[in-house]
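Participant: One structure follows; several queries about it will come next.
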Number of protein chains: 2
Amino acid sequence: MNRKAKGSNAERELVRMFWDAGWAAIRVAGSGSAKFPNPDVLAGNRKRRVAVECKTIHDIKKYLSSSDISQIRIFSEKFGAEPWIGMRFDSQQWFFIALEDLAETGESNFVVSLELARRKGLTFSEFIGNFNQSRNGE
Amino acid sequence: MNRKAKGSNAERELVRMFWDAGWAAIRVAGSGSAKFPNPDVLAGNRKRRVAVECKTIHDIKKYLSSSDISQIRIFSEKFGAEPWIGMRFDSQQWFFIALEDLAETGESNFVVSLELARRKGLTFSEFIGNFNQSRNGE
């Protein structure tokens with residue numbers, strides 16, 4: 001399976017996870033090549049909307065371009081959604097990382113390692129459950 | 001141009017109109033054949049989210065199946081968006097119609113005519129401006 005197909009499969013997996021958890025979710029058409037800033041997956045549950053840039057990773061770290069980051073940030077600000085990076089390392093669960101938790105490399109790129117994902121990232125249930133806790137505490 | 005390509009072009013046109021108006025918008029991947037209920041276009045401007053089922057029409061009326069309607073309704077309820085039908089009649093502007101303004105045919109289908117679209121539908125600027133007016137009035 002090529003890289004693009006693997007990425008699409010990971011996005012489909014994530015969309016299904018959201019639906020199974022009672023959220024609505026969609027994959028964005030042409031998200032890699034669109035004229036406008038776009039996330040890969042957009043999900044919502046009436047109270048909360050999340051825009052996810054999805055990365056499948058075959059190494060223990062992944063570099064993200066500042067363009068990747070600014071796309072998800074611009075889209076999310078305009079739309080009204082939380083920007084997240086969804087990382088799927090080989091044979092690992094998903095980790096969801098807030099933009100401010102990405103490590104800058106100093107060359108206007110960003111890097112996320114498996115170690116950083118485990119330390120700062122949320123698992124899927126934390127990611128979606130997190131909200132319920134904060135809402136209940138309001 | 002075949003029917004599907006014409007539909008996709010209409011969706012791209014609508015996405016561009018939203019971006020030009022300061023909204024963020026995306027086309028949904030595989031919206032015609034997805035496993036989960038999906039709109040064709042999803043747009044937001046921080047305060048408001050709209051899910052649009054797009055129809056291009058080469059006649060003076062168009063039938064919509066109850067499945068079309070229930071897909072857009074279910075998605076919008078779960079996600080937290082307003083459900084709308086976007087109609088693009090040949091050589092006409094877009095009209096946006098609320099689900100409750102569609103006429104039932106009596107066979108669990110719905111019909112929208114150019115006459116109904118003109119009478120009950122909103123133009124694009126009404127559709128997006130409508131919100132600003134109601135917000136200003138709050």
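Ordered as shown in the structure tokens, chains take letters A, B, and onward, while each chain numbers its residues from 1 and ligands are numbered from 1 in the order shown.
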Using only C-alpha atoms, what table do you get, as CSV, when you list each residue of chain A with an atom no more than 6 Å from chain B, its nearest pair of atoms, and their distance in Å rounded to one decimal, rows by chain then rising number?
Facilitator:
residue,atom,partner,partner_atom,distance
A:Ala24,CA,B:Phe79,CA,5.0
A:Arg27,CA,B:Ala29,CA,5.4
A:Val28,CA,B:Val28,CA,4.8
A:Ala29,CA,B:Ala29,CA,4.0
A:Gly44,CA,B:Phe79,CA,4.3
A:Asn45,CA,B:Phe79,CA,4.7
A:Arg46,CA,B:Gly80,CA,3.7
A:Lys78,CA,B:Asn45,CA,5.5
A:Phe79,CA,B:Gly44,CA,4.3
A:Gly80,CA,B:Arg46,CA,3.7
Participant: Give the helix (DSSP H, G or I) residues of chain A, as assigned by DSSP on the backbone, as an NGL selection string.
Facilitator: :A and (3-20 or 66-79 or 99-101 or 114-120 or 124-136)
Participant: If we count only C-alpha atoms and set the cut-off at 9 Å, which residues sit around region 63-70 of chain B, ignoring sequence neighbours fewer than 3 positions away in its own chain? Please answer as a ChimeraX atom specification.
Facilitator: /B:37,53,73-75,85,99,105,108-113
Participant: Quick one: pick out all strand (DSSP E) residues within chain B from a backbone DSSP run and write them as an MDAnalysis selection string.
Facilitator: chainID B and resid 24:27 41:44 49:57 61:65 82:89 94:98 103:104 109:113
